[in-house]
$ cat structure_21.txt   # compact mmCIF, C-alpha atoms and all ligand atoms
# COMPACT_ATOMS: atom_id res chain seq x y z
CA VAL A 1 -10.53 7.66 10.01
CA THR A 2 -7.69 8.54 12.36
CA THR A 3 -4.04 8.46 11.39
CA THR A 4 -0.98 8.35 13.63
CA GLU A 5 2.34 9.30 12.10
CA VAL A 6 5.18 6.90 12.85
CA LEU A 7 8.94 7.18 12.14
CA ASP A 8 9.95 9.63 9.39
CA HIS A 9 7.41 8.74 6.66
CA GLY A 10 5.21 6.02 8.11
CA TYR A 11 1.77 5.91 9.66
CA VAL A 12 -0.91 3.72 11.18
CA LYS A 13 -4.45 4.44 10.07
CA LEU A 14 -7.46 2.71 11.59
CA ILE A 15 -9.76 2.38 8.60
CA ASP A 16 -12.53 0.18 9.95
CA SER A 17 -13.61 -1.69 13.04
CA MET A 18 -16.40 -4.01 14.13
CA GLY A 19 -17.47 -4.34 17.76
CA ASP A 20 -16.54 -2.68 21.04
CA ASP A 21 -16.18 -3.62 24.73
CA LEU A 22 -19.85 -4.58 24.89
CA ALA A 23 -19.42 -6.98 21.95
CA ILE A 24 -16.86 -8.85 24.06
CA VAL A 25 -19.19 -8.89 27.07
CA GLN A 26 -22.05 -10.05 24.86
CA ALA A 27 -19.93 -12.82 23.31
CA ALA A 28 -18.89 -14.06 26.77
CA ARG A 29 -22.40 -14.01 28.24
CA VAL A 30 -24.00 -15.70 25.25
CA SER A 31 -23.00 -18.94 27.00
CA TYR A 32 -25.81 -18.33 29.44
CA ASP A 33 -27.98 -16.20 27.15
CA GLN A 34 -27.38 -12.84 28.84
CA GLY A 35 -25.85 -9.50 27.77
CA SER A 36 -24.61 -6.34 29.51
CA LYS A 37 -25.04 -6.04 33.29
CA GLY A 38 -23.83 -2.44 33.64
CA GLU A 39 -20.38 -0.88 33.47
CA VAL A 40 -18.95 -2.13 36.78
CA ARG A 41 -19.85 -5.78 36.22
CA ASP A 42 -19.00 -5.66 32.51
CA LYS A 43 -15.52 -4.27 33.20
CA LYS A 44 -15.01 -6.94 35.87
CA LEU A 45 -16.01 -9.62 33.38
CA ILE A 46 -13.49 -8.35 30.78
CA ARG A 47 -10.73 -8.49 33.40
CA TYR A 48 -11.79 -12.00 34.41
CA LEU A 49 -11.70 -13.18 30.78
CA MET A 50 -8.26 -11.69 30.25
CA LYS A 51 -6.77 -13.06 33.47
CA ASN A 52 -8.08 -16.55 32.79
CA ARG A 53 -7.13 -16.56 29.10
CA HIS A 54 -10.75 -17.00 28.04
CA THR A 55 -9.75 -15.54 24.71
CA SER A 56 -12.53 -16.21 22.19
CA PRO A 57 -14.84 -13.30 23.25
CA PHE A 58 -12.04 -10.90 22.23
CA GLU A 59 -12.30 -12.27 18.71
CA ALA A 60 -15.74 -10.57 18.48
CA VAL A 61 -13.92 -7.30 17.77
CA VAL A 62 -12.20 -6.91 14.38
CA LEU A 63 -10.02 -4.02 13.26
CA LYS A 64 -8.68 -3.02 9.88
CA PHE A 65 -5.59 -0.84 9.55
CA GLU A 66 -3.64 0.77 6.75
CA ILE A 67 0.05 0.86 7.58
CA LYS A 68 3.03 2.47 5.92
CA ALA A 69 6.32 1.11 7.23
CA PRO A 70 9.86 0.26 6.10
CA ILE A 71 10.29 -3.20 4.54
CA PHE A 72 12.44 -4.49 7.44
CA VAL A 73 9.64 -3.64 9.89
CA VAL A 74 7.05 -5.30 7.64
CA ARG A 75 9.15 -8.49 7.51
CA GLN A 76 8.83 -8.75 11.30
CA TRP A 77 5.15 -7.83 11.18
CA HIS A 78 4.22 -10.45 8.61
CA ARG A 79 5.46 -13.23 10.89
CA HIS A 80 2.15 -12.73 12.69
CA ARG A 81 0.19 -15.28 10.71
CA THR A 82 -3.18 -14.68 12.31
CA TRP A 83 -3.56 -11.32 10.53
CA SER A 84 -4.86 -10.90 6.96
CA TYR A 85 -2.65 -8.75 4.77
CA ASN A 86 -2.71 -7.02 1.39
CA GLU A 87 0.40 -5.11 0.37
CA VAL A 88 1.10 -2.65 -2.43
CA SER A 89 2.80 -4.52 -5.27
CA ALA A 90 6.08 -3.18 -6.62
CA ARG A 91 5.36 -5.36 -9.67
CA TYR A 92 2.31 -3.23 -10.52
CA THR A 93 3.59 0.17 -9.54
CA ALA A 94 6.91 1.94 -8.99
CA LEU A 95 7.51 2.70 -5.32
CA PRO A 96 7.90 6.36 -4.33
CA GLU A 97 11.31 7.53 -3.14
CA GLU A 98 10.68 7.18 0.58
CA PHE A 99 13.12 5.47 2.90
CA TYR A 100 13.70 5.39 6.64
CA ILE A 101 16.69 7.15 8.15
CA PRO A 102 16.97 6.70 11.93
CA ASP A 103 17.42 9.67 14.20
CA PRO A 104 21.18 9.67 15.04
CA GLY A 105 20.32 9.95 18.74
CA ASN A 106 18.40 6.70 18.46
CA VAL A 107 21.09 4.60 16.75
CA GLY A 108 23.18 3.71 19.81
CA GLU A 109 25.56 0.78 19.53
CA GLN A 110 25.42 -3.01 19.36
CA SER A 111 24.37 -4.28 22.79
CA ALA A 112 27.00 -6.11 24.81
CA SER A 113 24.38 -8.08 26.75
CA SER A 114 21.94 -9.03 23.96
CA LYS A 115 22.78 -10.35 20.53
CA GLN A 116 19.64 -8.87 19.00
CA ALA A 117 19.42 -5.47 20.68
CA ARG A 118 21.07 -2.07 20.72
CA ASP A 119 22.12 0.11 23.63
CA ILE A 120 21.13 3.75 23.43
CA GLY A 121 23.35 6.15 25.35
CA GLN A 122 23.18 9.91 25.75
CA GLY A 123 23.15 12.00 22.55
CA HIS A 124 24.69 10.56 19.41
CA SER A 125 28.14 9.26 18.52
CA THR A 126 30.28 10.26 15.55
CA ALA A 127 29.77 6.73 14.21
CA ALA A 128 25.99 7.16 14.38
CA LEU A 129 26.11 10.48 12.54
CA ALA A 130 28.34 9.01 9.83
CA TYR A 131 26.08 5.96 9.55
CA CYS A 132 22.95 8.09 9.04
CA ALA A 133 24.70 10.26 6.44
CA THR A 134 25.98 7.26 4.43
CA LEU A 135 22.61 5.52 4.72
CA GLN A 136 20.94 8.62 3.27
CA LYS A 137 23.42 8.72 0.39
CA ALA A 138 23.24 4.98 -0.32
CA SER A 139 19.41 5.06 -0.27
CA GLU A 140 19.29 7.99 -2.71
CA GLU A 141 21.74 6.18 -4.97
CA ALA A 142 19.65 2.99 -4.79
CA PHE A 143 16.52 4.90 -5.83
CA HIS A 144 18.47 6.55 -8.64
CA LEU A 145 19.48 3.09 -9.95
CA TYR A 146 15.89 1.90 -9.52
CA ARG A 147 14.43 4.78 -11.55
CA THR A 148 17.16 4.43 -14.20
CA ALA A 149 16.38 0.72 -14.62
CA ILE A 150 12.64 1.44 -14.96
CA ALA A 151 13.33 4.22 -17.50
CA ALA A 152 15.46 1.72 -19.49
CA GLY A 153 12.49 -0.64 -19.70
CA ILE A 154 13.63 -3.15 -17.07
CA PRO A 155 10.51 -4.81 -15.57
CA ARG A 156 9.44 -3.22 -12.29
CA GLU A 157 9.53 -6.65 -10.63
CA LEU A 158 13.29 -6.77 -11.25
CA ALA A 159 14.16 -3.07 -11.05
CA ARG A 160 13.07 -3.20 -7.39
CA LEU A 161 16.02 -5.43 -6.54
CA HIS A 162 17.99 -2.21 -6.24
CA LEU A 163 15.84 -1.06 -3.32
CA PRO A 164 17.09 -1.36 0.25
CA LEU A 165 15.34 -2.74 3.34
CA ASN A 166 14.56 0.73 4.63
CA THR A 167 12.25 1.47 1.66
CA TYR A 168 8.70 2.26 2.76
CA THR A 169 5.87 0.00 1.70
CA LYS A 170 2.15 0.13 2.45
CA PHE A 171 -0.25 -2.62 3.44
CA GLU A 172 -3.73 -3.22 4.79
CA ALA A 173 -4.08 -5.53 7.75
CA THR A 174 -7.18 -7.00 9.34
CA VAL A 175 -7.02 -8.71 12.71
CA ASP A 176 -9.29 -9.68 15.57
CA LEU A 177 -8.66 -8.14 18.95
CA HIS A 178 -7.35 -11.34 20.54
CA ASN A 179 -4.57 -11.65 17.99
CA LEU A 180 -3.92 -7.90 18.02
CA LEU A 181 -3.35 -8.02 21.79
CA HIS A 182 -0.97 -10.96 21.25
CA PHE A 183 0.94 -8.86 18.71
CA LEU A 184 1.02 -5.90 21.10
CA ARG A 185 2.36 -8.02 23.96
CA LEU A 186 5.26 -9.17 21.81
CA ARG A 187 5.93 -5.95 19.94
CA LEU A 188 5.56 -3.48 22.82
CA HIS A 189 8.04 -5.54 24.82
CA PRO A 190 11.48 -3.95 25.37
CA HIS A 191 13.03 -6.91 23.48
CA ALA A 192 11.21 -5.89 20.29
CA GLN A 193 13.06 -3.59 17.91
CA HIS A 194 12.35 0.11 18.44
CA GLU A 195 11.12 0.56 14.86
CA ILE A 196 8.26 -1.96 15.27
CA ARG A 197 7.56 -0.93 18.88
CA VAL A 198 6.60 2.56 17.75
CA TYR A 199 4.02 1.03 15.38
CA ALA A 200 2.66 -1.18 18.17
CA ASP A 201 2.41 1.91 20.35
CA ALA A 202 0.46 3.77 17.65
CA MET A 203 -1.97 0.82 17.43
CA LEU A 204 -2.42 0.85 21.18
CA GLY A 205 -3.46 4.51 20.85
CA HIS A 206 -6.09 3.54 18.27
CA ILE A 207 -7.60 0.65 20.21
CA LYS A 208 -7.95 2.82 23.33
CA ASN A 209 -10.74 4.61 21.46
CA VAL A 210 -12.45 1.42 20.24
CA VAL A 211 -12.21 -0.76 23.37
CA PRO A 212 -11.24 1.47 26.32
CA TRP A 213 -12.12 -1.06 29.06
CA THR A 214 -10.23 -3.88 27.34
CA THR A 215 -7.20 -1.67 26.71
CA GLU A 216 -7.11 -0.69 30.37
CA ALA A 217 -7.30 -4.35 31.43
CA PHE A 218 -4.63 -5.31 28.88
CA LEU A 219 -2.20 -2.68 30.19
CA GLU A 220 -2.65 -3.92 33.75
CA ILE A 221 -2.90 -7.67 33.26
CA LEU A 222 -1.07 -8.73 30.12
CA LEU A 223 1.56 -6.12 29.42
C1 LIG B 301 11.57 -9.96 20.17
C2 LIG B 301 11.34 -10.95 19.07
C3 LIG B 301 12.42 -11.56 18.45
C4 LIG B 301 12.21 -12.46 17.41
N1 LIG B 301 13.28 -13.05 16.81
C5 LIG B 301 13.10 -13.92 15.79
C6 LIG B 301 14.22 -14.53 15.12
O1 LIG B 301 15.37 -14.30 15.46
N2 LIG B 301 13.97 -15.35 14.07
C7 LIG B 301 12.69 -15.65 13.66
O2 LIG B 301 12.52 -16.42 12.72
N3 LIG B 301 11.63 -15.10 14.29
C8 LIG B 301 11.78 -14.24 15.33
N4 LIG B 301 10.70 -13.67 15.93
C9 LIG B 301 9.35 -13.99 15.42
C10 LIG B 301 8.61 -14.99 16.33
O3 LIG B 301 9.27 -16.25 16.36
C11 LIG B 301 7.15 -15.19 15.83
O4 LIG B 301 7.19 -15.72 14.52
C12 LIG B 301 6.38 -13.90 15.77
O5 LIG B 301 6.56 -13.17 16.97
C13 LIG B 301 4.90 -14.21 15.57
O6 LIG B 301 4.39 -14.75 16.76
P1 LIG B 301 3.24 -15.83 16.75
O7 LIG B 301 3.62 -17.02 15.93
O8 LIG B 301 2.91 -16.11 18.20
O9 LIG B 301 2.06 -15.00 16.09
P2 LIG B 301 0.91 -15.47 15.08
O10 LIG B 301 1.49 -16.01 13.84
O11 LIG B 301 -0.06 -14.33 14.95
O12 LIG B 301 0.22 -16.66 15.83
C14 LIG B 301 -0.52 -16.43 17.04
C15 LIG B 301 -0.62 -17.74 17.77
O13 LIG B 301 -1.39 -18.65 16.98
C16 LIG B 301 -0.84 -19.97 17.10
N5 LIG B 301 -0.39 -20.40 15.78
C17 LIG B 301 -0.38 -19.66 14.62
N6 LIG B 301 0.04 -20.41 13.60
C18 LIG B 301 0.34 -21.64 14.11
C19 LIG B 301 0.84 -22.84 13.56
N7 LIG B 301 1.12 -22.97 12.27
N8 LIG B 301 1.02 -23.90 14.38
C20 LIG B 301 0.73 -23.82 15.70
N9 LIG B 301 0.25 -22.69 16.30
C21 LIG B 301 0.06 -21.62 15.50
C22 LIG B 301 0.30 -19.89 18.11
O14 LIG B 301 -0.19 -20.16 19.40
C23 LIG B 301 0.72 -18.44 18.02
O15 LIG B 301 1.35 -17.97 19.19
C24 LIG B 301 10.88 -12.79 16.99
C25 LIG B 301 9.80 -12.16 17.62
C26 LIG B 301 10.01 -11.25 18.65
C27 LIG B 301 8.81 -10.58 19.30

$ encode --input "structure_21.txt" --output "structure tokens"
Amino acid sequence: VTTTEVLDHGYVKLIDSMGDDLAIVQAARVSYDQGSKGEVRDKKLIRYLMKNRHTSPFEAVVLKFEIKAPIFVVRQWHRHRTWSYNEVSARYTALPEEFYIPDPGNVGEQSASSKQARDIGQGHSTAALAYCATLQKASEEAFHLYRTAIAAGIPRELARLHLPLNTYTKFEATVDLHNLLHFLRLRLHPHAQHEIRVYADAMLGHIKNVVPWTTEAFLEILL
């Protein structure tokens, strides 16, 4: 099991996988009842499949991850409906006091050219420093209210309403390689928010070890 740390308390852990580059080759050549034809021809086949959007052979590889991420990142993630998810339940268990505070140098300012993006300049502004400090204080206060409510016997499923969007949560996610590459195309793109892009980048690092030929083709052809 390999873990990549992401943001200030998060991580991506690859906990299981089925298949490799040869499973994709095998799935593609099953059409004419043949398997591997050596590295050069197999790599060429993977590139051909990717270029021509012959996607189903990539579904022969399945990966299972454990991910710890802030709630606002997970909201974006869970829009990807082709994944299977199981998330820790804040009804069953109290969430630990872990929340995301951005690096002040990575706050920037609201973009003038894009309604959804931010512009990062050099260093950090006074506004960014103040924002990070107040976010820290507000998050600590929110967790204090959360713990106080639980101690007073308020049900966990309601006490959690005190918690902010930057609270960390944990989930397991299973996905086939075709849909993972689709996710990576969207979430490694510069238009995606930095905080989900760093998770996509960590996943890319993991799949390089599982399907090196496919990852190489993906970086050249699809990204
Ligand atoms: C930069 C960026 C900005 C975004 N901004 C917003 C926003 O402002 N508001 C917002 O609501 N969302 C936003 N999204 C989310 C986006 O609209 C998609 O919901 C998300 O990226 C998941 O993509 P997907 O549906 O292709 O993935 P998946 O759900 O994994 O689906 C993969 C593919 O399967 C097919 N598919 C899956 N389910 C269906 C279905 N029911 N019917 C038909 N085909 C299906 C489609 O071909 C789809 O592309 C944004 C995404 C990005 C990357």

$ atom_distance --input "structure_21.txt" --atom1 "atom CA of Leu186 of chain A" --atom2 "atom C27 of ligand LIG 301 (chain B)"
4.6 Å

$ closest_residue --input "structure_21.txt" --among "A:Phe99, A:Tyr92, A:Phe218, A:Phe183" --to "Ala69 of chain A" --atoms "only C-alpha atoms"
A:Phe99

$ closest_residue --input "structure_21.txt" --among "A:Glu87, A:Asp42, A:Glu98, A:Asp20" --to "Phe171 of chain A" --atoms "only C-alpha atoms"
A:Glu87

$ residues_near_ligand --input "structure_21.txt" --ligand "ligand LIG 301 (chain B)" --cutoff "12 Å" --atoms "all atoms listed in the file" --output "PDB file with C-alpha atoms, keeping the file's coordinate frame"
ATOM      1  CA  THR A  55      -9.750 -15.540  24.710  1.00  0.00           C
ATOM      2  CA  VAL A  73       9.640  -3.640   9.890  1.00  0.00           C
ATOM      3  CA  VAL A  74       7.050  -5.300   7.640  1.00  0.00           C
ATOM      4  CA  ARG A  75       9.150  -8.490   7.510  1.00  0.00           C
ATOM      5  CA  GLN A  76       8.830  -8.750  11.300  1.00  0.00           C
ATOM      6  CA  TRP A  77       5.150  -7.830  11.180  1.00  0.00           C
ATOM      7  CA  HIS A  78       4.220 -10.450   8.610  1.00  0.00           C
ATOM      8  CA  ARG A  79       5.460 -13.230  10.890  1.00  0.00           C
ATOM      9  CA  HIS A  80       2.150 -12.730  12.690  1.00  0.00           C
ATOM     10  CA  ARG A  81       0.190 -15.280  10.710  1.00  0.00           C
ATOM     11  CA  THR A  82      -3.180 -14.680  12.310  1.00  0.00           C
ATOM     12  CA  TRP A  83      -3.560 -11.320  10.530  1.00  0.00           C
ATOM     13  CA  SER A  84      -4.860 -10.900   6.960  1.00  0.00           C
ATOM     14  CA  TYR A  85      -2.650  -8.750   4.770  1.00  0.00           C
ATOM     15  CA  SER A 114      21.940  -9.030  23.960  1.00  0.00           C
ATOM     16  CA  LYS A 115      22.780 -10.350  20.530  1.00  0.00           C
ATOM     17  CA  GLN A 116      19.640  -8.870  19.000  1.00  0.00           C
ATOM     18  CA  ALA A 117      19.420  -5.470  20.680  1.00  0.00           C
ATOM     19  CA  THR A 174      -7.180  -7.000   9.340  1.00  0.00           C
ATOM     20  CA  VAL A 175      -7.020  -8.710  12.710  1.00  0.00           C
ATOM     21  CA  ASP A 176      -9.290  -9.680  15.570  1.00  0.00           C
ATOM     22  CA  LEU A 177      -8.660  -8.140  18.950  1.00  0.00           C
ATOM     23  CA  HIS A 178      -7.350 -11.340  20.540  1.00  0.00           C
ATOM     24  CA  ASN A 179      -4.570 -11.650  17.990  1.00  0.00           C
ATOM     25  CA  LEU A 180      -3.920  -7.900  18.020  1.00  0.00           C
ATOM     26  CA  LEU A 181      -3.350  -8.020  21.790  1.00  0.00           C
ATOM     27  CA  HIS A 182      -0.970 -10.960  21.250  1.00  0.00           C
ATOM     28  CA  PHE A 183       0.940  -8.860  18.710  1.00  0.00           C
ATOM     29  CA  LEU A 184       1.020  -5.900  21.100  1.00  0.00           C
ATOM     30  CA  ARG A 185       2.360  -8.020  23.960  1.00  0.00           C
ATOM     31  CA  LEU A 186       5.260  -9.170  21.810  1.00  0.00           C
ATOM     32  CA  ARG A 187       5.930  -5.950  19.940  1.00  0.00           C
ATOM     33  CA  LEU A 188       5.560  -3.480  22.820  1.00  0.00           C
ATOM     34  CA  HIS A 189       8.040  -5.540  24.820  1.00  0.00           C
ATOM     35  CA  PRO A 190      11.480  -3.950  25.370  1.00  0.00           C
ATOM     36  CA  HIS A 191      13.030  -6.910  23.480  1.00  0.00           C
ATOM     37  CA  ALA A 192      11.210  -5.890  20.290  1.00  0.00           C
ATOM     38  CA  GLN A 193      13.060  -3.590  17.910  1.00  0.00           C
ATOM     39  CA  HIS A 194      12.350   0.110  18.440  1.00  0.00           C
ATOM     40  CA  GLU A 195      11.120   0.560  14.860  1.00  0.00           C
ATOM     41  CA  ILE A 196       8.260  -1.960  15.270  1.00  0.00           C
ATOM     42  CA  ARG A 197       7.560  -0.930  18.880  1.00  0.00           C
ATOM     43  CA  ALA A 200       2.660  -1.180  18.170  1.00  0.00           C
TER      44      ALA A 200
END

$ residues_around --input "structure_21.txt" --residues "segment 141-158 of chain A" --least-positions-apart "5" --cutoff "12 Å" --atoms "all atoms listed in the file" --output "PyMOL selection string"
chain A and resi 89-99+134-136+163-168

$ residues_around --input "structure_21.txt" --residues "Gln26 of chain A" --least-positions-apart "5" --cutoff "8 Å" --atoms "all atoms listed in the file" --output "ChimeraX atom specification"
/A:34-36

$ axis_aligned_box --input "structure_21.txt" --around "segment 122-128 of chain A" --padding-each-side "6 Å" --output "AutoDock Vina command-line options"
--center_x 26.7 --center_y 9.4 --center_z 20.0 --size_x 19.1 --size_y 17.3 --size_z 23.5

$ atom_distance --input "structure_21.txt" --atom1 "atom CA of Ile46 of chain A" --atom2 "atom CA of Ile67 of chain A"
28.4 Å

$ closest_residue --input "structure_21.txt" --among "A:Gly19, A:Val198, A:Lys43, A:Val88" --to "Glu216 of chain A" --atoms "all atoms listed in the file"
A:Lys43

$ residues_around --input "structure_21.txt" --residues "Met50 of chain A" --least-positions-apart "6" --cutoff "8 Å" --atoms "all atoms listed in the file" --output "MDAnalysis selection string"
chainID A and resid 217:218 221:222

$ write_last_selection --input "structure_21.txt" --atoms "C-alpha atoms" --output "mmCIF file, in the coordinates of the input"
data_model
loop_
_atom_site.group_PDB
_atom_site.id
_atom_site.type_symbol
_atom_site.label_atom_id
_atom_site.label_comp_id
_atom_site.auth_asym_id
_atom_site.auth_seq_id
_atom_site.Cartn_x
_atom_site.Cartn_y
_atom_site.Cartn_z
ATOM 1 C CA ALA A 217 -7.300 -4.350 31.430
ATOM 2 C CA PHE A 218 -4.630 -5.310 28.880
ATOM 3 C CA ILE A 221 -2.900 -7.670 33.260
ATOM 4 C CA LEU A 222 -1.070 -8.730 30.120
#

$ atom_distance --input "structure_21.txt" --atom1 "atom CA of Lys208 of chain A" --atom2 "atom CA of Asp103 of chain A"
27.8 Å

$ closest_residue --input "structure_21.txt" --among "A:Leu63, A:Val40, A:Gly121, A:Arg47" --to "Asn209 of chain A" --atoms "only C-alpha atoms"
A:Leu63

$ residues_near_point --input "structure_21.txt" --point "(25.2, 5.1, 15.8)" --cutoff "10 Å" --atoms "only C-alpha atoms" --output "PyMOL selection string"
chain A and resi 102-110+118-121+123-132

$ residues_around --input "structure_21.txt" --residues "Val1 of chain A" --least-positions-apart "5" --cutoff "10 Å" --atoms "only C-alpha atoms" --output "ChimeraX atom specification"
/A:13-16,65

$ closest_residue --input "structure_21.txt" --among "A:Ser113, A:Thr4, A:Asn52, A:Ser31" --to "Glu66 of chain A" --atoms "only C-alpha atoms"
A:Thr4

$ closest_residue --input "structure_21.txt" --among "A:Asp33, A:Thr2, A:Gly10, A:Tyr48" --to "Thr214 of chain A" --atoms "only C-alpha atoms"
A:Tyr48
